[in-house]
file query.tsv (TSV, C-alpha atoms and all ligand atoms)
chain	number	residue	atom	x	y	z
F	740	MET	CA	22.01	-8.39	-1.75
F	741	VAL	CA	19.05	-7.18	0.27
F	742	ALA	CA	16.76	-4.33	-0.76
F	743	LEU	CA	13.62	-2.54	0.36
F	744	VAL	CA	11.35	0.17	-1.06
F	745	VAL	CA	8.41	1.80	0.73
F	746	HIS	CA	5.74	4.24	-0.54
F	747	GLY	CA	3.14	6.42	1.14
F	748	GLY	CA	0.58	6.89	-1.65
F	749	ALA	CA	0.35	8.68	-4.97
F	750	GLY	CA	-2.67	10.88	-4.29
F	751	HIS	CA	-2.49	14.63	-4.01
F	752	TRP	CA	-0.32	15.67	-1.08
F	753	VAL	CA	-0.75	19.23	0.16
F	754	GLU	CA	2.54	21.11	0.21
F	755	ALA	CA	2.57	21.45	4.01
F	756	GLU	CA	2.55	17.69	4.57
F	757	ARG	CA	5.16	16.56	2.09
F	758	ASP	CA	8.18	16.75	4.40
F	759	ALA	CA	6.33	14.86	7.13
F	760	ALA	CA	5.33	12.20	4.60
F	761	VAL	CA	8.94	11.76	3.51
F	762	ALA	CA	9.98	11.47	7.17
F	763	GLY	CA	7.23	8.87	7.65
F	764	VAL	CA	8.31	6.66	4.76
F	765	ARG	CA	11.92	6.99	5.93
F	766	ARG	CA	10.95	5.69	9.38
F	767	ALA	CA	8.95	2.84	7.85
F	768	ALA	CA	11.88	1.87	5.64
F	769	ALA	CA	14.14	1.86	8.70
F	770	ALA	CA	11.71	-0.52	10.46
F	771	GLY	CA	11.81	-2.91	7.50
F	772	TRP	CA	15.52	-2.53	7.05
F	773	ARG	CA	16.31	-3.50	10.65
F	774	ILE	CA	14.76	-6.88	9.88
F	775	LEU	CA	16.54	-7.44	6.57
F	776	ASP	CA	19.84	-6.29	7.97
F	777	ALA	CA	19.57	-8.79	10.82
F	778	GLY	CA	19.03	-11.61	8.30
F	779	GLY	CA	15.22	-11.58	8.54
F	780	THR	CA	12.82	-12.42	5.74
F	781	ALA	CA	11.40	-10.13	3.06
F	782	LEU	CA	7.94	-11.06	4.35
F	783	ASP	CA	8.75	-9.84	7.87
F	784	ALA	CA	10.33	-6.69	6.45
F	785	VAL	CA	7.35	-5.64	4.31
F	786	ALA	CA	4.93	-6.43	7.14
F	787	ALA	CA	6.94	-4.27	9.58
F	788	ALA	CA	7.31	-1.39	7.11
F	789	VAL	CA	3.62	-1.33	6.21
F	790	ALA	CA	2.55	-1.70	9.87
F	791	ALA	CA	4.68	1.37	10.68
F	792	LEU	CA	2.86	3.35	7.98
F	793	GLU	CA	-0.52	2.09	9.24
F	794	ASP	CA	0.41	3.43	12.68
F	795	ASP	CA	1.25	6.88	11.28
F	796	PRO	CA	-1.98	8.94	11.05
F	797	LEU	CA	-0.61	10.98	8.17
F	798	PHE	CA	-1.16	8.09	5.77
F	799	ASN	CA	-4.40	6.66	4.44
F	800	ALA	CA	-4.03	3.19	5.99
F	801	GLY	CA	-4.76	1.80	9.46
F	802	ARG	CA	-4.99	4.74	11.87
F	803	GLY	CA	-5.75	7.83	9.80
F	804	ALA	CA	-7.54	5.95	7.00
F	805	VAL	CA	-10.24	7.87	5.13
F	806	LEU	CA	-13.95	7.47	5.85
F	807	ASN	CA	-16.51	5.94	3.51
F	808	ALA	CA	-19.86	7.45	2.50
F	809	GLU	CA	-21.39	6.42	5.82
F	810	GLY	CA	-18.58	7.84	7.92
F	811	GLU	CA	-17.02	4.46	8.70
F	812	VAL	CA	-13.51	3.24	7.99
F	813	GLU	CA	-13.24	0.08	5.89
F	814	LEU	CA	-9.69	-1.17	5.54
F	815	ASP	CA	-8.10	-3.18	2.71
F	816	ALA	CA	-4.68	-4.88	2.86
F	817	SER	CA	-2.71	-7.76	1.39
F	818	ILE	CA	0.68	-9.42	1.59
F	819	MET	CA	2.36	-11.87	-0.76
F	820	ALA	CA	5.45	-14.08	-0.66
F	821	GLY	CA	7.20	-14.35	-4.03
F	822	ASP	CA	8.92	-17.69	-3.47
F	823	THR	CA	5.70	-19.61	-2.73
F	824	LEU	CA	3.06	-17.30	-4.30
F	825	ALA	CA	1.31	-17.47	-0.93
F	826	SER	CA	-0.97	-14.47	-0.51
F	827	GLY	CA	-3.36	-13.22	2.15
F	828	GLY	CA	-5.70	-10.27	2.25
F	829	VAL	CA	-8.56	-8.55	4.00
F	830	THR	CA	-11.15	-6.18	2.59
F	831	CYS	CA	-13.76	-3.98	4.27
F	832	LEU	CA	-12.15	-4.83	7.59
F	833	ARG	CA	-13.29	-2.64	10.47
F	834	ARG	CA	-11.80	-1.48	13.77
F	835	VAL	CA	-8.37	-3.09	13.57
F	836	LYS	CA	-5.05	-1.32	14.09
F	837	ASN	CA	-2.89	-3.20	11.60
F	838	PRO	CA	-4.78	-4.75	8.67
F	839	VAL	CA	-1.53	-5.95	7.06
F	840	LEU	CA	-0.88	-8.20	10.04
F	841	VAL	CA	-4.37	-9.66	9.76
F	842	ALA	CA	-3.74	-10.24	6.04
F	843	ARG	CA	-0.64	-12.17	6.98
F	844	ARG	CA	-2.62	-14.35	9.36
F	845	VAL	CA	-5.09	-15.07	6.56
F	846	MET	CA	-2.15	-16.19	4.45
F	847	GLU	CA	-0.50	-18.27	7.14
F	848	THR	CA	-3.36	-19.77	9.13
F	849	THR	CA	-6.25	-20.28	6.69
F	850	ASP	CA	-6.81	-21.89	3.31
F	851	CYS	CA	-8.24	-18.60	2.00
F	852	VAL	CA	-6.60	-15.78	0.08
F	853	LEU	CA	-9.05	-12.99	0.89
F	854	LEU	CA	-11.49	-12.47	3.77
F	855	ALA	CA	-14.16	-9.77	3.58
F	856	GLY	CA	-16.27	-7.55	5.82
F	857	ALA	CA	-17.70	-8.73	9.12
F	858	ALA	CA	-16.14	-12.17	8.64
F	859	ALA	CA	-12.71	-10.60	8.23
F	860	THR	CA	-13.21	-8.56	11.40
F	861	ALA	CA	-14.40	-11.68	13.27
F	862	PHE	CA	-11.31	-13.53	12.04
F	863	ALA	CA	-9.09	-10.69	13.31
F	864	ARG	CA	-10.68	-10.93	16.76
F	865	GLU	CA	-10.27	-14.72	16.75
F	866	GLN	CA	-6.60	-14.14	16.03
F	867	GLY	CA	-6.27	-11.78	18.99
F	868	PHE	CA	-6.39	-8.40	17.23
F	869	ALA	CA	-8.04	-5.98	19.68
F	870	ASP	CA	-10.90	-3.62	18.87
F	871	PHE	CA	-9.30	-0.37	17.66
F	872	ASP	CA	-10.90	2.80	16.32
F	873	PRO	CA	-8.77	4.03	13.40
F	874	VAL	CA	-10.73	7.28	12.91
F	875	THR	CA	-8.74	10.44	13.65
F	876	ASP	CA	-10.34	13.82	14.42
F	877	ARG	CA	-8.71	15.23	11.33
F	878	ARG	CA	-10.22	12.66	9.00
F	879	ARG	CA	-13.63	13.02	10.66
F	880	ALA	CA	-13.54	16.80	10.23
F	881	ARG	CA	-12.53	16.46	6.62
F	882	TRP	CA	-15.29	13.95	5.98
F	883	GLU	CA	-17.87	16.36	7.44
F	884	ALA	CA	-16.65	19.09	5.11
F	885	GLU	CA	-16.27	16.92	2.01
F	886	ARG	CA	-19.61	15.20	2.09
F	887	GLN	CA	-21.35	18.55	2.02
F	888	SER	CA	-19.31	20.05	-0.77
F	889	ALA	CA	-20.39	19.47	-4.34
F	890	ALA	CA	-16.89	19.95	-5.73
F	891	ARG	CA	-14.57	17.68	-3.85
F	892	ASP	CA	-10.92	18.46	-3.63
F	893	ASP	CA	-8.84	15.38	-4.16
F	894	SER	CA	-6.26	16.02	-1.50
F	895	VAL	CA	-6.23	12.73	0.38
F	896	PRO	CA	-3.27	10.60	-0.53
F	897	GLY	CA	-4.00	6.93	-0.91
F	898	THR	CA	-2.43	3.67	0.12
F	899	VAL	CA	0.90	2.58	1.55
F	900	GLY	CA	3.11	-0.29	0.46
F	901	ALA	CA	6.47	-2.01	0.64
F	902	VAL	CA	8.51	-4.44	-1.45
F	903	ALA	CA	11.60	-6.28	-0.22
F	904	LEU	CA	14.30	-8.76	-1.21
F	905	ASP	CA	15.99	-10.74	1.55
F	906	ALA	CA	19.40	-12.39	1.81
F	907	GLY	CA	17.87	-15.73	0.81
F	908	GLY	CA	16.79	-14.19	-2.52
F	909	ARG	CA	13.09	-14.14	-1.60
F	910	LEU	CA	10.85	-11.27	-2.65
F	911	ALA	CA	7.70	-10.05	-0.88
F	912	ALA	CA	5.15	-7.26	-1.27
F	913	ALA	CA	2.56	-5.72	1.08
F	914	THR	CA	-0.04	-2.99	0.53
F	915	SER	CA	-2.60	-1.37	2.84
F	916	THR	CA	-5.22	1.35	2.43
F	917	GLY	CA	-8.40	3.00	3.63
F	918	GLY	CA	-9.35	3.12	-0.05
F	919	ARG	CA	-11.04	6.07	-1.67
F	920	GLU	CA	-12.64	8.73	0.46
F	921	LEU	CA	-16.48	8.64	0.57
F	922	LYS	CA	-16.44	5.26	-1.16
F	923	ARG	CA	-19.59	3.16	-1.21
F	924	PRO	CA	-19.66	0.80	1.81
F	925	GLY	CA	-18.52	-2.64	0.70
F	926	ARG	CA	-16.42	-1.26	-2.14
F	927	VAL	CA	-13.32	-3.38	-2.77
F	928	GLY	CA	-10.23	-1.69	-4.21
F	929	ASP	CA	-7.09	-3.07	-5.82
F	930	SER	CA	-4.93	-3.20	-2.69
F	931	PRO	CA	-6.26	-6.47	-1.20
F	932	VAL	CA	-6.44	-8.25	-4.56
F	933	PRO	CA	-3.32	-10.12	-5.68
F	934	GLY	CA	-2.27	-9.01	-9.13
F	935	ALA	CA	-4.15	-5.71	-8.95
F	936	GLY	CA	-2.50	-3.53	-6.29
F	937	ASN	CA	-0.04	-6.04	-4.84
F	938	TYR	CA	1.94	-8.94	-6.28
F	939	ALA	CA	5.13	-10.94	-5.75
F	940	THR	CA	6.79	-13.79	-7.61
F	941	ALA	CA	10.25	-15.38	-7.48
F	942	GLN	CA	11.45	-12.59	-9.77
F	943	ALA	CA	9.39	-9.50	-9.02
F	944	ALA	CA	7.59	-7.69	-6.20
F	945	VAL	CA	5.14	-4.85	-6.85
F	946	SER	CA	2.98	-2.46	-4.79
F	947	ALA	CA	0.78	0.06	-6.58
F	948	THR	CA	-1.29	3.10	-5.64
F	949	GLY	CA	-3.95	4.91	-7.64
F	950	TRP	CA	-7.57	4.54	-8.61
F	951	GLY	CA	-8.39	0.94	-7.64
F	952	GLU	CA	-11.24	0.37	-10.07
F	953	TYR	CA	-8.83	0.84	-12.96
F	954	MET	CA	-6.05	-1.25	-11.48
F	955	LEU	CA	-8.44	-4.12	-10.85
F	956	ARG	CA	-9.35	-4.11	-14.54
F	957	MET	CA	-5.79	-3.83	-15.78
F	958	ALA	CA	-4.32	-6.36	-13.28
F	959	THR	CA	-1.68	-3.69	-12.86
F	960	ALA	CA	0.71	-5.33	-10.39
F	961	LYS	CA	0.67	-8.62	-12.28
F	962	ALA	CA	1.26	-6.81	-15.59
F	963	ILE	CA	4.36	-5.15	-14.15
F	964	ALA	CA	5.64	-8.41	-12.64
F	965	THR	CA	5.19	-10.17	-15.99
F	966	ARG	CA	7.26	-7.54	-17.75
F	967	ILE	CA	10.04	-7.83	-15.16
F	968	GLU	CA	10.00	-11.61	-15.57
F	969	GLY	CA	10.36	-11.04	-19.31
F	970	GLY	CA	13.60	-9.14	-18.73
F	971	ALA	CA	12.50	-5.53	-18.35
F	972	THR	CA	14.10	-3.47	-15.61
F	973	PRO	CA	11.68	-2.64	-12.78
F	974	ASP	CA	11.66	1.04	-13.79
F	975	ALA	CA	10.94	0.22	-17.44
F	976	ALA	CA	8.26	-2.34	-16.55
F	977	ALA	CA	6.46	0.08	-14.24
F	978	ALA	CA	6.76	2.98	-16.71
F	979	ALA	CA	5.30	0.87	-19.53
F	980	VAL	CA	2.26	-0.21	-17.52
F	981	LEU	CA	1.79	3.28	-16.13
F	982	ALA	CA	1.75	4.62	-19.70
F	983	GLU	CA	-0.77	1.98	-20.69
F	984	MET	CA	-3.04	2.90	-17.78
F	985	GLN	CA	-2.78	6.51	-18.77
F	986	ARG	CA	-3.59	5.71	-22.40
F	987	VAL	CA	-6.49	3.33	-21.77
F	988	PHE	CA	-8.10	4.90	-18.71
F	989	GLY	CA	-6.48	8.33	-18.55
F	990	THR	CA	-5.58	7.72	-14.92
F	991	PRO	CA	-2.17	8.27	-13.32
F	992	ILE	CA	-0.86	5.72	-10.82
F	993	GLY	CA	2.22	5.20	-8.64
F	994	VAL	CA	4.30	2.03	-8.35
F	995	ILE	CA	7.23	0.66	-6.42
F	996	CYS	CA	8.83	-2.59	-7.57
F	997	LEU	CA	11.89	-4.73	-7.19
F	998	ASP	CA	13.53	-7.59	-9.05
F	999	ALA	CA	15.47	-10.57	-7.70
F	1000	ARG	CA	18.79	-8.82	-8.26
F	1001	GLY	CA	17.75	-5.91	-6.05
F	1002	ALA	CA	17.10	-3.44	-8.88
F	1003	ILE	CA	14.47	-0.92	-7.84
F	1004	GLY	CA	11.65	0.70	-9.80
F	1005	VAL	CA	9.83	3.83	-8.61
F	1006	VAL	CA	7.43	5.50	-11.03
F	1007	HIS	CA	4.47	7.85	-10.56
F	1008	GLY	CA	2.27	9.77	-12.94
F	1009	THR	CA	1.01	11.99	-10.13
F	1010	GLU	CA	2.99	14.99	-8.92
F	1011	GLY	CA	4.48	13.00	-6.08
F	1012	MET	CA	4.56	9.75	-4.12
F	1013	PRO	CA	6.63	9.86	-0.94
F	1014	HIS	CA	8.99	6.90	-1.01
F	1015	ALA	CA	12.13	5.60	0.66
F	1016	TRP	CA	14.58	2.90	-0.32
F	1017	ARG	CA	17.66	1.05	0.87
F	1018	VAL	CA	19.85	-1.35	-1.02
F	1019	HIS	CA	22.65	-3.29	0.58
F	1020	GLY	CA	25.83	-3.86	-1.35
F	1021	ASP	CA	26.21	-0.46	-2.91
F	1022	ARG	CA	24.64	0.93	0.27
F	1023	GLU	CA	22.19	3.11	-1.52
F	1024	VAL	CA	19.81	4.89	0.86
F	1025	GLY	CA	17.28	7.61	0.16
F	1026	ALA	CA	13.86	9.15	0.73
F	1027	ARG	CA	12.06	11.81	-1.30
F	1028	PHE	CA	8.67	13.11	-2.33
F	1029	ALA	CA	8.96	12.72	-6.08
F	1030	VAL	CA	11.23	10.93	-8.54
O	1	LIG	N1	-5.57	2.10	-4.59
O	1	LIG	C1	-6.40	2.63	-3.55
O	1	LIG	C2	-7.82	2.21	-3.76
O	1	LIG	O1	-8.35	2.44	-4.84
O	1	LIG	C3	-6.34	4.11	-3.38
O	1	LIG	C4	-5.08	4.80	-3.75
O	1	LIG	O2	-4.01	4.20	-3.84
O	1	LIG	O3	-5.14	6.03	-3.96
O	1	LIG	O4	-8.40	1.69	-2.85

call {"tool": "encode", "arguments": {"input": "query.tsv", "output": "structure tokens"}}
result
Amino acid sequence: MVALVVHGGAGHWVEAERDAAVAGVRRAAAAGWRILDAGGTALDAVAAAVAALEDDPLFNAGRGAVLNAEGEVELDASIMAGDTLASGGVTCLRRVKNPVLVARRVMETTDCVLLAGAAATAFAREQGFADFDPVTDRRRARWEAERQSAARDDSVPGTVGAVALDAGGRLAAATSTGGRELKRPGRVGDSPVPGAGNYATAQAAVSATGWGEYMLRMATAKAIATRIEGGATPDAAAAAVLAEMQRVFGTPIGVICLDARGAIGVVHGTEGMPHAWRVHGDREVGARFAV
């Protein structure tokens, strides 16, 4: 049994972009699936799927990420291997094309879990990641408009992620984001922090999207993984934690998750969260905007 789920963020998607977002997550899932189908690892699959979403300017990650209060892009990403609990992440990373791949290098080549700011960018350069400007004209124009308006519209979707199970029974999760638009420089969200926006164990893999400050406090991804390990189905585990977040903080989130048998969970409290999935065995394949 191999399985993969990908999401493109649970923020507010304008109607006109929903089909393109579904096409984008479908392409990203295909990139991850090619690896799993050829016998590759869950870790390679989630890295490839998330890198594909980072390359797509429609999504708030990598190229096309939102700008902070100073008009700069600061990128957050992490990746985690369920079988070893190895995890790597970067936060407030600047001018890199694929933060998830830098996160993976942190995991595989350092004794750190999370590198931040200028030191993370210096590490990326050391590792051969070229200088890359992720700012698109569209995001810049939006930033100009938004910073002057008192009443902000919340139409930028946030965060991309992937979870996968490979033929060896290993689970992995990866998550990447530009964070919240107009955020304070130096702000760290949930996505790079293991247990908050991203988590994987031998029995569960989770990637979440939503307001990071709340997920950091609830240890959202870890809470979902713990419920799956306790025997809940991925859907039930995600729904329970989503309900708790709603009750305690009044904030809706979106989650994709997977267990070691290849059962999938996709839950969102927002109106949509473009996502795509494939499961080998029963050959289930799909992509859609909302559950
Ligand atoms: N979780 C992301 C953050 O707070 C944003 C999002 O998913 O909407 O950085």

call {"tool": "closest_residue", "arguments": {"input": "query.tsv", "among": "F:Pro796, F:Gly778, F:Gly748, F:Pro931", "to": "Val852 (chain F)", "atoms": "all atoms listed in the file"}}
result
F:Pro931

call {"tool": "closest_residue", "arguments": {"input": "query.tsv", "among": "F:Pro896, F:Asp794, F:Ala911, F:Leu955", "to": "Glu756 (chain F)", "atoms": "all atoms listed in the file"}}
result
F:Pro896

call {"tool": "closest_residue", "arguments": {"input": "query.tsv", "among": "F:Gly1020, F:Ala804, F:Gly934, F:Phe798", "to": "His751 (chain F)", "atoms": "only C-alpha atoms"}}
result
F:Phe798

call {"tool": "atom_distance", "arguments": {"input": "query.tsv", "atom1": "CA of Ala816 (chain F)", "atom2": "CA of Ala842 (chain F)"}}
result
6.3 Å

call {"tool": "residues_around", "arguments": {"input": "query.tsv", "residues": "region 939-945 of chain F", "least_positions_apart": "3", "cutoff": "10 Å", "atoms": "all atoms listed in the file", "output": "PyMOL selection string"}}
result
chain F and resi 744+818-826+900-904+908-914+933-936+959-970+973+977+994-1004

call {"tool": "write_last_selection", "arguments": {"input": "query.tsv", "atoms": "C-alpha atoms", "output": "CSV table (one decimal), keeping the file's coordinate frame"}}
result
chain,number,residue,atom,x,y,z
F,744,VAL,CA,11.4,0.2,-1.1
F,818,ILE,CA,0.7,-9.4,1.6
F,819,MET,CA,2.4,-11.9,-0.8
F,820,ALA,CA,5.4,-14.1,-0.7
F,821,GLY,CA,7.2,-14.4,-4.0
F,822,ASP,CA,8.9,-17.7,-3.5
F,823,THR,CA,5.7,-19.6,-2.7
F,824,LEU,CA,3.1,-17.3,-4.3
F,825,ALA,CA,1.3,-17.5,-0.9
F,826,SER,CA,-1.0,-14.5,-0.5
F,900,GLY,CA,3.1,-0.3,0.5
F,901,ALA,CA,6.5,-2.0,0.6
F,902,VAL,CA,8.5,-4.4,-1.4
F,903,ALA,CA,11.6,-6.3,-0.2
F,904,LEU,CA,14.3,-8.8,-1.2
F,908,GLY,CA,16.8,-14.2,-2.5
F,909,ARG,CA,13.1,-14.1,-1.6
F,910,LEU,CA,10.8,-11.3,-2.6
F,911,ALA,CA,7.7,-10.0,-0.9
F,912,ALA,CA,5.2,-7.3,-1.3
F,913,ALA,CA,2.6,-5.7,1.1
F,914,THR,CA,0.0,-3.0,0.5
F,933,PRO,CA,-3.3,-10.1,-5.7
F,934,GLY,CA,-2.3,-9.0,-9.1
F,935,ALA,CA,-4.2,-5.7,-9.0
F,936,GLY,CA,-2.5,-3.5,-6.3
F,959,THR,CA,-1.7,-3.7,-12.9
F,960,ALA,CA,0.7,-5.3,-10.4
F,961,LYS,CA,0.7,-8.6,-12.3
F,962,ALA,CA,1.3,-6.8,-15.6
F,963,ILE,CA,4.4,-5.2,-14.2
F,964,ALA,CA,5.6,-8.4,-12.6
F,965,THR,CA,5.2,-10.2,-16.0
F,966,ARG,CA,7.3,-7.5,-17.8
F,967,ILE,CA,10.0,-7.8,-15.2
F,968,GLU,CA,10.0,-11.6,-15.6
F,969,GLY,CA,10.4,-11.0,-19.3
F,970,GLY,CA,13.6,-9.1,-18.7
F,973,PRO,CA,11.7,-2.6,-12.8
F,977,ALA,CA,6.5,0.1,-14.2
F,994,VAL,CA,4.3,2.0,-8.4
F,995,ILE,CA,7.2,0.7,-6.4
F,996,CYS,CA,8.8,-2.6,-7.6
F,997,LEU,CA,11.9,-4.7,-7.2
F,998,ASP,CA,13.5,-7.6,-9.0
F,999,ALA,CA,15.5,-10.6,-7.7
F,1000,ARG,CA,18.8,-8.8,-8.3
F,1001,GLY,CA,17.8,-5.9,-6.0
F,1002,ALA,CA,17.1,-3.4,-8.9
F,1003,ILE,CA,14.5,-0.9,-7.8
F,1004,GLY,CA,11.6,0.7,-9.8

call {"tool": "residues_near_ligand", "arguments": {"input": "query.tsv", "ligand": "ligand LIG 1 (chain O)", "cutoff": "7 Å", "atoms": "all atoms listed in the file", "output": "list in words"}}
result
Gly748, Ala749, Gly750, Pro896, Gly897, Thr898, Thr916, Gly917, Gly918, Arg919, Gly928, Asp929, Ser930, Gly936, Ala947, Thr948, Gly949, Trp950, Gly951 and Glu952 of chain F

call {"tool": "write_last_selection", "arguments": {"input": "query.tsv", "atoms": "C-alpha atoms", "output": "PDB file, in the frame of the given file"}}
result
ATOM      1  CA  GLY F 748       0.580   6.890  -1.650  1.00  0.00           C
ATOM      2  CA  ALA F 749       0.350   8.680  -4.970  1.00  0.00           C
ATOM      3  CA  GLY F 750      -2.670  10.880  -4.290  1.00  0.00           C
ATOM      4  CA  PRO F 896      -3.270  10.600  -0.530  1.00  0.00           C
ATOM      5  CA  GLY F 897      -4.000   6.930  -0.910  1.00  0.00           C
ATOM      6  CA  THR F 898      -2.430   3.670   0.120  1.00  0.00           C
ATOM      7  CA  THR F 916      -5.220   1.350   2.430  1.00  0.00           C
ATOM      8  CA  GLY F 917      -8.400   3.000   3.630  1.00  0.00           C
ATOM      9  CA  GLY F 918      -9.350   3.120  -0.050  1.00  0.00           C
ATOM     10  CA  ARG F 919     -11.040   6.070  -1.670  1.00  0.00           C
ATOM     11  CA  GLY F 928     -10.230  -1.690  -4.210  1.00  0.00           C
ATOM     12  CA  ASP F 929      -7.090  -3.070  -5.820  1.00  0.00           C
ATOM     13  CA  SER F 930      -4.930  -3.200  -2.690  1.00  0.00           C
ATOM     14  CA  GLY F 936      -2.500  -3.530  -6.290  1.00  0.00           C
ATOM     15  CA  ALA F 947       0.780   0.060  -6.580  1.00  0.00           C
ATOM     16  CA  THR F 948      -1.290   3.100  -5.640  1.00  0.00           C
ATOM     17  CA  GLY F 949      -3.950   4.910  -7.640  1.00  0.00           C
ATOM     18  CA  TRP F 950      -7.570   4.540  -8.610  1.00  0.00           C
ATOM     19  CA  GLY F 951      -8.390   0.940  -7.640  1.00  0.00           C
ATOM     20  CA  GLU F 952     -11.240   0.370 -10.070  1.00  0.00           C
TER      21      GLU F 952
END

call {"tool": "closest_residue", "arguments": {"input": "query.tsv", "among": "F:Gly1025, F:Asp974, F:Ala755, F:Ala770", "to": "Asp783 (chain F)", "atoms": "only C-alpha atoms"}}
result
F:Ala770

call {"tool": "closest_atom_pairs", "arguments": {"input": "query.tsv", "of": "region 788-856 of chain F", "to": "region 874-885 of chain F", "cutoff": "10 Å", "atoms": "all atoms listed in the file", "output": "tab-separated table"}}
result
residue	atom	partner	partner_atom	distance
F:Pro796	CA	F:Thr875	CA	7.4
F:Leu797	CA	F:Arg877	CA	9.7
F:Asn799	CA	F:Arg878	CA	9.5
F:Gly801	CA	F:Val874	CA	8.8
F:Arg802	CA	F:Val874	CA	6.4
F:Gly803	CA	F:Thr875	CA	5.5
F:Ala804	CA	F:Val874	CA	6.8
F:Val805	CA	F:Arg878	CA	6.2
F:Leu806	CA	F:Trp882	CA	6.6
F:Asn807	CA	F:Trp882	CA	8.5
F:Ala808	CA	F:Trp882	CA	8.7
F:Glu809	CA	F:Trp882	CA	9.7
F:Gly810	CA	F:Trp882	CA	7.2
F:Glu811	CA	F:Val874	CA	8.1
F:Val812	CA	F:Val874	CA	6.9
F:Arg834	CA	F:Val874	CA	8.9

call {"tool": "residues_around", "arguments": {"input": "query.tsv", "residues": "region 763-768 of chain F", "least_positions_apart": "6", "cutoff": "12 Å", "atoms": "only C-alpha atoms", "output": "ChimeraX atom specification"}}
result
/F:742-748,756-757,774-776,784-798,899-903,1012-1018,1024-1028

call {"tool": "atom_distance", "arguments": {"input": "query.tsv", "atom1": "CA of Ala978 (chain F)", "atom2": "CA of Arg843 (chain F)"}}
result
29.1 Å

call {"tool": "closest_residue", "arguments": {"input": "query.tsv", "among": "F:Cys831, F:Met954, F:Ala861, F:Leu981", "to": "Asn937 (chain F)", "atoms": "all atoms listed in the file"}}
result
F:Met954

call {"tool": "atom_distance", "arguments": {"input": "query.tsv", "atom1": "CA of Ala1029 (chain F)", "atom2": "CA of Leu921 (chain F)"}}
result
26.6 Å

call {"tool": "axis_aligned_box", "arguments": {"input": "query.tsv", "around": "region 897-914 of chain F", "padding_each_side": "5 Å", "output": "JSON"}}
result
{"center_x": 7.7, "center_y": -4.4, "center_z": -0.4, "size_x": 33.4, "size_y": 32.7, "size_z": 14.5}
